[in-house]
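**Student:** Data: structure_10.txt, compact mmCIF, N, CA and C atoms.
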```txt
# COMPACT_ATOMS: atom_id res chain seq x y z
N MET T 1 62.35 57.13 92.76
CA MET T 1 63.40 56.14 92.74
C MET T 1 62.87 54.85 93.35
N ALA T 2 63.07 53.76 92.66
CA ALA T 2 62.59 52.46 93.12
C ALA T 2 63.43 51.98 94.29
N LYS T 3 62.81 51.28 95.20
CA LYS T 3 63.50 50.74 96.35
C LYS T 3 64.36 49.56 95.91
N LEU T 4 65.63 49.54 96.33
CA LEU T 4 66.54 48.48 95.95
C LEU T 4 66.45 47.34 96.96
N SER T 5 66.53 46.13 96.46
CA SER T 5 66.52 44.98 97.36
C SER T 5 67.91 44.81 97.97
N GLN T 6 68.01 43.97 98.97
CA GLN T 6 69.28 43.72 99.62
C GLN T 6 70.28 43.13 98.61
N ASP T 7 69.81 42.25 97.74
CA ASP T 7 70.68 41.65 96.73
C ASP T 7 71.20 42.71 95.75
N ASP T 8 70.32 43.66 95.38
CA ASP T 8 70.74 44.74 94.48
C ASP T 8 71.82 45.60 95.13
N LEU T 9 71.62 45.91 96.40
CA LEU T 9 72.62 46.71 97.12
C LEU T 9 73.95 45.98 97.21
N LEU T 10 73.91 44.68 97.53
CA LEU T 10 75.14 43.91 97.62
C LEU T 10 75.85 43.85 96.27
N ALA T 11 75.09 43.76 95.19
CA ALA T 11 75.69 43.75 93.86
C ALA T 11 76.39 45.09 93.58
N GLN T 12 75.79 46.19 94.02
CA GLN T 12 76.41 47.50 93.85
C GLN T 12 77.69 47.61 94.67
N PHE T 13 77.65 47.14 95.92
CA PHE T 13 78.84 47.20 96.78
C PHE T 13 79.96 46.33 96.23
N GLU T 14 79.59 45.23 95.61
CA GLU T 14 80.57 44.30 95.06
C GLU T 14 81.40 44.96 93.96
N GLU T 15 80.81 45.90 93.25
CA GLU T 15 81.50 46.58 92.15
C GLU T 15 82.40 47.71 92.63
N MET T 16 82.28 48.11 93.92
CA MET T 16 83.05 49.24 94.45
C MET T 16 84.46 48.80 94.85
N THR T 17 85.40 49.74 94.77
CA THR T 17 86.74 49.48 95.28
C THR T 17 86.70 49.63 96.80
N LEU T 18 87.74 49.18 97.46
CA LEU T 18 87.80 49.31 98.92
C LEU T 18 87.76 50.77 99.35
N ILE T 19 88.40 51.62 98.61
CA ILE T 19 88.42 53.04 98.95
C ILE T 19 87.03 53.64 98.80
N GLU T 20 86.34 53.31 97.70
CA GLU T 20 84.98 53.81 97.49
C GLU T 20 84.05 53.31 98.58
N LEU T 21 84.20 52.05 98.97
CA LEU T 21 83.34 51.47 100.01
C LEU T 21 83.62 52.13 101.35
N SER T 22 84.89 52.40 101.63
CA SER T 22 85.25 53.08 102.87
C SER T 22 84.64 54.48 102.93
N GLU T 23 84.70 55.19 101.81
CA GLU T 23 84.10 56.53 101.75
C GLU T 23 82.60 56.46 101.92
N PHE T 24 81.96 55.42 101.35
CA PHE T 24 80.52 55.25 101.51
C PHE T 24 80.17 55.03 102.98
N VAL T 25 80.93 54.18 103.66
CA VAL T 25 80.65 53.89 105.07
C VAL T 25 80.76 55.17 105.89
N LYS T 26 81.78 55.97 105.62
CA LYS T 26 81.93 57.24 106.35
C LYS T 26 80.74 58.16 106.10
N ALA T 27 80.32 58.26 104.85
CA ALA T 27 79.18 59.11 104.52
C ALA T 27 77.90 58.58 105.19
N PHE T 28 77.74 57.26 105.21
CA PHE T 28 76.57 56.64 105.84
C PHE T 28 76.56 56.95 107.34
N GLU T 29 77.73 56.83 107.98
CA GLU T 29 77.83 57.11 109.41
C GLU T 29 77.46 58.56 109.71
N GLU T 30 77.95 59.48 108.87
CA GLU T 30 77.66 60.89 109.08
C GLU T 30 76.17 61.19 108.83
N LYS T 31 75.62 60.66 107.78
CA LYS T 31 74.23 60.93 107.41
C LYS T 31 73.25 60.45 108.48
N PHE T 32 73.48 59.24 109.01
CA PHE T 32 72.55 58.66 109.97
C PHE T 32 73.04 58.71 111.42
N ASP T 33 74.17 59.39 111.64
CA ASP T 33 74.73 59.58 112.97
C ASP T 33 74.88 58.24 113.71
N VAL T 34 75.53 57.29 113.02
CA VAL T 34 75.79 55.96 113.59
C VAL T 34 77.25 55.61 113.36
N THR T 35 77.70 54.52 113.99
CA THR T 35 79.05 54.03 113.71
C THR T 35 78.94 52.57 113.29
N ALA T 36 79.90 52.15 112.48
CA ALA T 36 79.91 50.78 111.98
C ALA T 36 80.75 49.87 112.87
N ALA T 37 81.13 50.34 114.05
CA ALA T 37 81.94 49.53 114.95
C ALA T 37 81.12 48.37 115.48
N ALA T 38 81.76 47.23 115.65
CA ALA T 38 81.08 46.04 116.16
C ALA T 38 80.82 46.22 117.65
N ALA T 39 79.69 45.70 118.10
CA ALA T 39 79.35 45.76 119.52
C ALA T 39 80.27 44.83 120.30
N VAL T 40 80.69 45.27 121.48
CA VAL T 40 81.58 44.48 122.31
C VAL T 40 80.84 44.09 123.57
N ALA T 41 80.81 42.80 123.86
CA ALA T 41 80.15 42.32 125.07
C ALA T 41 81.07 42.55 126.27
N ALA T 42 80.50 42.98 127.38
CA ALA T 42 81.29 43.23 128.58
C ALA T 42 81.64 41.91 129.25
N ALA T 43 82.88 41.80 129.70
CA ALA T 43 83.32 40.60 130.40
C ALA T 43 82.89 40.70 131.86
N PRO T 44 82.54 39.58 132.49
CA PRO T 44 82.15 39.63 133.89
C PRO T 44 83.31 40.06 134.77
N VAL T 45 83.02 40.85 135.80
CA VAL T 45 84.06 41.35 136.69
C VAL T 45 83.88 40.70 138.05
N GLY T 46 84.97 40.29 138.63
CA GLY T 46 84.90 39.66 139.95
C GLY T 46 86.05 38.70 140.12
N PRO T 47 86.16 38.10 141.29
CA PRO T 47 87.28 37.21 141.55
C PRO T 47 87.26 35.95 140.69
N ALA T 48 86.09 35.54 140.21
CA ALA T 48 86.01 34.32 139.41
C ALA T 48 86.30 34.57 137.93
N ALA T 49 86.44 35.83 137.53
CA ALA T 49 86.69 36.15 136.12
C ALA T 49 88.13 35.80 135.77
N PRO T 50 88.34 34.99 134.70
CA PRO T 50 89.70 34.63 134.32
C PRO T 50 90.41 35.82 133.68
N VAL T 51 91.71 35.86 133.86
CA VAL T 51 92.51 36.92 133.25
C VAL T 51 92.79 36.49 131.81
N GLU T 52 92.35 37.32 130.85
CA GLU T 52 92.52 36.99 129.44
C GLU T 52 93.77 37.64 128.88
N ALA T 53 94.38 36.96 127.95
CA ALA T 53 95.52 37.54 127.24
C ALA T 53 94.97 38.62 126.31
N ALA T 54 95.84 39.40 125.74
CA ALA T 54 95.40 40.46 124.83
C ALA T 54 94.58 39.85 123.71
N ALA T 55 93.52 40.53 123.32
CA ALA T 55 92.64 40.03 122.27
C ALA T 55 93.42 39.88 120.97
N GLU T 56 93.14 38.82 120.26
CA GLU T 56 93.85 38.58 119.01
C GLU T 56 93.44 39.63 117.99
N GLN T 57 94.43 40.17 117.32
CA GLN T 57 94.19 41.21 116.33
C GLN T 57 93.50 40.58 115.12
N ASP T 58 92.43 41.24 114.63
CA ASP T 58 91.73 40.71 113.47
C ASP T 58 91.75 41.65 112.29
N GLU T 59 92.31 42.84 112.45
CA GLU T 59 92.45 43.78 111.35
C GLU T 59 93.91 44.18 111.23
N PHE T 60 94.42 44.17 110.02
CA PHE T 60 95.82 44.44 109.79
C PHE T 60 95.99 45.53 108.73
N ASP T 61 97.10 46.24 108.84
CA ASP T 61 97.47 47.24 107.84
C ASP T 61 98.70 46.72 107.10
N VAL T 62 98.71 46.87 105.78
CA VAL T 62 99.87 46.51 104.97
C VAL T 62 100.55 47.81 104.60
N VAL T 63 101.79 47.99 105.10
CA VAL T 63 102.52 49.24 104.90
C VAL T 63 103.72 48.99 103.99
N LEU T 64 103.77 49.73 102.90
CA LEU T 64 104.89 49.67 101.97
C LEU T 64 106.02 50.50 102.57
N THR T 65 107.16 49.86 102.87
CA THR T 65 108.27 50.59 103.47
C THR T 65 109.34 50.97 102.46
N GLY T 66 109.34 50.31 101.31
CA GLY T 66 110.29 50.64 100.26
C GLY T 66 109.94 49.94 98.97
N ALA T 67 110.27 50.56 97.84
CA ALA T 67 109.91 50.00 96.54
C ALA T 67 110.93 49.01 96.02
N GLY T 68 112.18 49.10 96.47
CA GLY T 68 113.21 48.20 95.97
C GLY T 68 113.66 48.59 94.58
N ASP T 69 114.29 47.64 93.89
CA ASP T 69 114.85 47.91 92.56
C ASP T 69 113.81 47.85 91.45
N LYS T 70 112.72 47.12 91.67
CA LYS T 70 111.71 46.92 90.62
C LYS T 70 110.48 47.79 90.90
N LYS T 71 110.67 49.09 90.85
CA LYS T 71 109.62 50.04 91.20
C LYS T 71 108.37 49.88 90.32
N ILE T 72 108.56 49.64 89.04
CA ILE T 72 107.43 49.52 88.13
C ILE T 72 106.58 48.31 88.49
N GLN T 73 107.24 47.19 88.83
CA GLN T 73 106.50 45.99 89.24
C GLN T 73 105.72 46.25 90.52
N VAL T 74 106.31 46.99 91.44
CA VAL T 74 105.64 47.31 92.71
C VAL T 74 104.42 48.18 92.44
N ILE T 75 104.55 49.15 91.55
CA ILE T 75 103.43 50.02 91.20
C ILE T 75 102.29 49.18 90.61
N LYS T 76 102.61 48.21 89.76
CA LYS T 76 101.59 47.34 89.17
C LYS T 76 100.85 46.55 90.25
N VAL T 77 101.60 46.02 91.21
CA VAL T 77 100.97 45.24 92.29
C VAL T 77 100.10 46.15 93.16
N VAL T 78 100.57 47.36 93.45
CA VAL T 78 99.78 48.30 94.24
C VAL T 78 98.48 48.62 93.52
N ARG T 79 98.54 48.80 92.22
CA ARG T 79 97.32 49.07 91.45
C ARG T 79 96.34 47.91 91.52
N GLU T 80 96.87 46.67 91.44
CA GLU T 80 96.00 45.49 91.52
C GLU T 80 95.33 45.38 92.89
N LEU T 81 96.09 45.68 93.94
CA LEU T 81 95.57 45.54 95.30
C LEU T 81 94.57 46.62 95.67
N THR T 82 94.76 47.83 95.14
CA THR T 82 93.98 48.96 95.60
C THR T 82 93.01 49.53 94.58
N SER T 83 93.14 49.17 93.33
CA SER T 83 92.34 49.75 92.24
C SER T 83 92.61 51.24 92.08
N LEU T 84 93.81 51.67 92.47
CA LEU T 84 94.21 53.06 92.25
C LEU T 84 94.62 53.25 90.80
N GLY T 85 94.58 54.49 90.36
CA GLY T 85 95.07 54.82 89.03
C GLY T 85 96.59 54.80 89.02
N LEU T 86 97.17 54.92 87.85
CA LEU T 86 98.62 54.86 87.72
C LEU T 86 99.32 55.96 88.51
N LYS T 87 98.85 57.19 88.40
CA LYS T 87 99.48 58.31 89.11
C LYS T 87 99.38 58.14 90.62
N GLU T 88 98.21 57.74 91.11
CA GLU T 88 98.02 57.57 92.55
C GLU T 88 98.90 56.45 93.09
N ALA T 89 98.99 55.34 92.34
CA ALA T 89 99.83 54.22 92.77
C ALA T 89 101.30 54.62 92.77
N LYS T 90 101.72 55.36 91.75
CA LYS T 90 103.11 55.83 91.69
C LYS T 90 103.40 56.76 92.86
N ASP T 91 102.49 57.68 93.16
CA ASP T 91 102.67 58.59 94.29
C ASP T 91 102.76 57.82 95.61
N LEU T 92 101.96 56.79 95.76
CA LEU T 92 101.99 55.98 96.97
C LEU T 92 103.35 55.29 97.10
N VAL T 93 103.84 54.70 96.01
CA VAL T 93 105.12 54.01 96.03
C VAL T 93 106.25 55.00 96.27
N ASP T 94 106.21 56.16 95.62
CA ASP T 94 107.25 57.17 95.81
C ASP T 94 107.25 57.73 97.23
N GLY T 95 106.09 57.77 97.87
CA GLY T 95 105.98 58.35 99.20
C GLY T 95 106.18 57.35 100.32
N ALA T 96 106.70 56.16 100.02
CA ALA T 96 106.89 55.13 101.05
C ALA T 96 107.75 55.68 102.18
N PRO T 97 107.47 55.33 103.40
CA PRO T 97 106.52 54.33 103.87
C PRO T 97 105.10 54.89 103.93
N LYS T 98 104.19 54.13 103.35
CA LYS T 98 102.76 54.48 103.33
C LYS T 98 101.94 53.21 103.38
N PRO T 99 100.74 53.29 103.99
CA PRO T 99 99.87 52.11 104.00
C PRO T 99 99.27 51.86 102.61
N VAL T 100 99.30 50.60 102.21
CA VAL T 100 98.70 50.20 100.93
C VAL T 100 97.26 49.75 101.20
N LEU T 101 97.08 48.91 102.21
CA LEU T 101 95.76 48.44 102.62
C LEU T 101 95.62 48.68 104.12
N GLU T 102 94.44 49.06 104.57
CA GLU T 102 94.20 49.30 105.98
C GLU T 102 93.01 48.48 106.45
N LYS T 103 93.13 47.95 107.65
CA LYS T 103 92.05 47.22 108.33
C LYS T 103 91.49 46.09 107.47
N VAL T 104 92.39 45.21 107.03
CA VAL T 104 91.98 44.05 106.26
C VAL T 104 92.20 42.79 107.09
N ALA T 105 91.58 41.70 106.69
CA ALA T 105 91.73 40.42 107.39
C ALA T 105 93.16 39.92 107.28
N LYS T 106 93.53 39.05 108.21
CA LYS T 106 94.90 38.56 108.28
C LYS T 106 95.33 37.87 106.98
N ASP T 107 94.49 37.00 106.44
CA ASP T 107 94.87 36.29 105.22
C ASP T 107 95.02 37.24 104.04
N ALA T 108 94.15 38.25 103.94
CA ALA T 108 94.26 39.24 102.86
C ALA T 108 95.53 40.06 103.02
N ALA T 109 95.88 40.41 104.25
CA ALA T 109 97.11 41.18 104.51
C ALA T 109 98.34 40.36 104.14
N GLU T 110 98.32 39.07 104.50
CA GLU T 110 99.47 38.21 104.17
C GLU T 110 99.62 38.03 102.67
N LYS T 111 98.51 37.85 101.96
CA LYS T 111 98.56 37.70 100.50
C LYS T 111 99.09 38.97 99.84
N ALA T 112 98.61 40.13 100.33
CA ALA T 112 99.05 41.41 99.76
C ALA T 112 100.55 41.61 100.02
N ALA T 113 100.99 41.31 101.24
CA ALA T 113 102.40 41.46 101.57
C ALA T 113 103.26 40.52 100.72
N GLU T 114 102.79 39.31 100.52
CA GLU T 114 103.52 38.34 99.69
C GLU T 114 103.62 38.83 98.25
N SER T 115 102.53 39.39 97.72
CA SER T 115 102.54 39.91 96.35
C SER T 115 103.52 41.07 96.21
N LEU T 116 103.50 41.96 97.18
CA LEU T 116 104.41 43.12 97.14
C LEU T 116 105.87 42.68 97.27
N LYS T 117 106.12 41.73 98.17
CA LYS T 117 107.49 41.23 98.33
C LYS T 117 107.96 40.52 97.07
N GLY T 118 107.05 39.79 96.43
CA GLY T 118 107.37 39.12 95.17
C GLY T 118 107.75 40.09 94.08
N ALA T 119 107.22 41.31 94.14
CA ALA T 119 107.54 42.35 93.16
C ALA T 119 108.82 43.09 93.52
N GLY T 120 109.39 42.79 94.71
CA GLY T 120 110.64 43.42 95.11
C GLY T 120 110.52 44.50 96.15
N ALA T 121 109.33 44.71 96.70
CA ALA T 121 109.12 45.76 97.70
C ALA T 121 109.43 45.23 99.09
N SER T 122 109.69 46.17 100.01
CA SER T 122 109.79 45.80 101.41
C SER T 122 108.48 46.25 102.08
N VAL T 123 107.91 45.33 102.90
CA VAL T 123 106.56 45.53 103.42
C VAL T 123 106.51 45.16 104.88
N GLU T 124 105.67 45.85 105.64
CA GLU T 124 105.38 45.51 107.02
C GLU T 124 103.88 45.25 107.14
N VAL T 125 103.53 44.25 107.93
CA VAL T 125 102.11 44.00 108.25
C VAL T 125 101.94 44.34 109.71
N LYS T 126 101.09 45.31 109.97
CA LYS T 126 100.88 45.77 111.36
C LYS T 126 99.50 45.40 111.82
```
Let's see the structure in the file written out as structure tokens.
**Tutor:**
Amino acid sequence: MAKLSQDDLLAQFEEMTLIELSEFVKAFEEKFDVTAAAAVAAAPVGPAAPVEAAAEQDEFDVVLTGAGDKKIQVIKVVRELTSLGLKEAKDLVDGAPKPVLEKVAKDAAEKAAESLKGAGASVEVK
């Protein structure tokens, strides 16, 4: 097997759905016994250290709490956001409350919530 360049790998990842990429990361972590968590720098401790407010949240979950009257439209939006098949998207909508997207950036979460609300769903961003 030929060695893939970084650009080739990125092109492959670009074609994956979020769920496929998440499964890949889990498999990678297990295979190489590593974690993909970001390193956290330790804050200095002592009387001169300022008291910080809670760290700003940078990962959000979009949770579908109800489908509303336009269930078919909501299923279509869920499919667009997640790349799920029709049956999986329908099961997700029928099983509300359920997360549609997990650990996404704030702007992506807001766009997804806006799309779902536009289709008639009730949504929470956590």
**Student:** Enumerate as a PyMOL selection string all residues of chain T assigned to alpha helix (DSSP H) by DSSP on the backbone, naming them with the chain letters and numbers the document uses.
**Tutor:** chain T and resi 6-14+18-32+71-82+86-94+106-118
**Student:** Distance atom C of T:Ser122-atom N of T:Thr17, one decimal place?
**Tutor:**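 Distance between the two atoms: 24.5 Å.
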**Student:** What does the structure give for the distance between atom N of T:Pro99 and atom C of T:Phe28, in Å to one decimal?
**Tutor:**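 Distance between the two atoms: 24.7 Å.
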**Student:** The residues within 6 Å of (98.6, 47.9, 101.6), using only C-alpha atoms and the coordinates of the file, should be reported as a PyMOL selection string; which are they?
**Tutor:** chain T and resi 62-63+99-101
**Student:** Interatomic distance between atom CA of T:Glu23 and atom CA of T:Leu86?
**Tutor:**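 Answer for the atom CA of T:Glu23 to atom CA of T:Leu86 separation: 20.3 Å.
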**Student:** Point out the residue among T:Asp69, T:Glu88, T:Asp61, T:Glu110 with the least atom-to-atom distance to T:Lys126, counting all atoms listed in the file.
**Tutor:**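 So, comparing all the options, the nearest one is T:Asp61.
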**Student:** Pull the neighbourhood of (89.6, 52.3, 96.6) for me: all residues within 10 Å in file coordinates, counting only C-alpha atoms, as an mmCIF file with N, CA and C atoms, keeping the file's coordinate frame.
**Tutor:**
```cif
data_model
loop_
_atom_site.group_PDB
_atom_site.id
_atom_site.type_symbol
_atom_site.label_atom_id
_atom_site.label_comp_id
_atom_site.auth_asym_id
_atom_site.auth_seq_id
_atom_site.Cartn_x
_atom_site.Cartn_y
_atom_site.Cartn_z
ATOM 1 N N MET T 16 82.280 48.110 93.920
ATOM 2 C CA MET T 16 83.050 49.240 94.450
ATOM 3 C C MET T 16 84.460 48.800 94.850
ATOM 4 N N THR T 17 85.400 49.740 94.770
ATOM 5 C CA THR T 17 86.740 49.480 95.280
ATOM 6 C C THR T 17 86.700 49.630 96.800
ATOM 7 N N LEU T 18 87.740 49.180 97.460
ATOM 8 C CA LEU T 18 87.800 49.310 98.920
ATOM 9 C C LEU T 18 87.760 50.770 99.350
ATOM 10 N N ILE T 19 88.400 51.620 98.610
ATOM 11 C CA ILE T 19 88.420 53.040 98.950
ATOM 12 C C ILE T 19 87.030 53.640 98.800
ATOM 13 N N GLU T 20 86.340 53.310 97.700
ATOM 14 C CA GLU T 20 84.980 53.810 97.490
ATOM 15 C C GLU T 20 84.050 53.310 98.580
ATOM 16 N N LEU T 21 84.200 52.050 98.970
ATOM 17 C CA LEU T 21 83.340 51.470 100.010
ATOM 18 C C LEU T 21 83.620 52.130 101.350
ATOM 19 N N SER T 22 84.890 52.400 101.630
ATOM 20 C CA SER T 22 85.250 53.080 102.870
ATOM 21 C C SER T 22 84.640 54.480 102.930
ATOM 22 N N GLU T 23 84.700 55.190 101.810
ATOM 23 C CA GLU T 23 84.100 56.530 101.750
ATOM 24 C C GLU T 23 82.600 56.460 101.920
ATOM 25 N N ARG T 79 98.540 48.800 92.220
ATOM 26 C CA ARG T 79 97.320 49.070 91.450
ATOM 27 C C ARG T 79 96.340 47.910 91.520
ATOM 28 N N LEU T 81 96.090 45.680 93.940
ATOM 29 C CA LEU T 81 95.570 45.540 95.300
ATOM 30 C C LEU T 81 94.570 46.620 95.670
ATOM 31 N N THR T 82 94.760 47.830 95.140
ATOM 32 C CA THR T 82 93.980 48.960 95.600
ATOM 33 C C THR T 82 93.010 49.530 94.580
ATOM 34 N N SER T 83 93.140 49.170 93.330
ATOM 35 C CA SER T 83 92.340 49.750 92.240
ATOM 36 C C SER T 83 92.610 51.240 92.080
ATOM 37 N N LEU T 84 93.810 51.670 92.470
ATOM 38 C CA LEU T 84 94.210 53.060 92.250
ATOM 39 C C LEU T 84 94.620 53.250 90.800
ATOM 40 N N GLY T 85 94.580 54.490 90.360
ATOM 41 C CA GLY T 85 95.070 54.820 89.030
ATOM 42 C C GLY T 85 96.590 54.800 89.020
ATOM 43 N N LEU T 101 97.080 48.910 102.210
ATOM 44 C CA LEU T 101 95.760 48.440 102.620
ATOM 45 C C LEU T 101 95.620 48.680 104.120
#
```
**Student:** Could you check which of T:Glu124, T:Ala108, T:Ala89, T:Phe24 is closest to T:Gln12, using only C-alpha atoms?
**Tutor:** T:Phe24
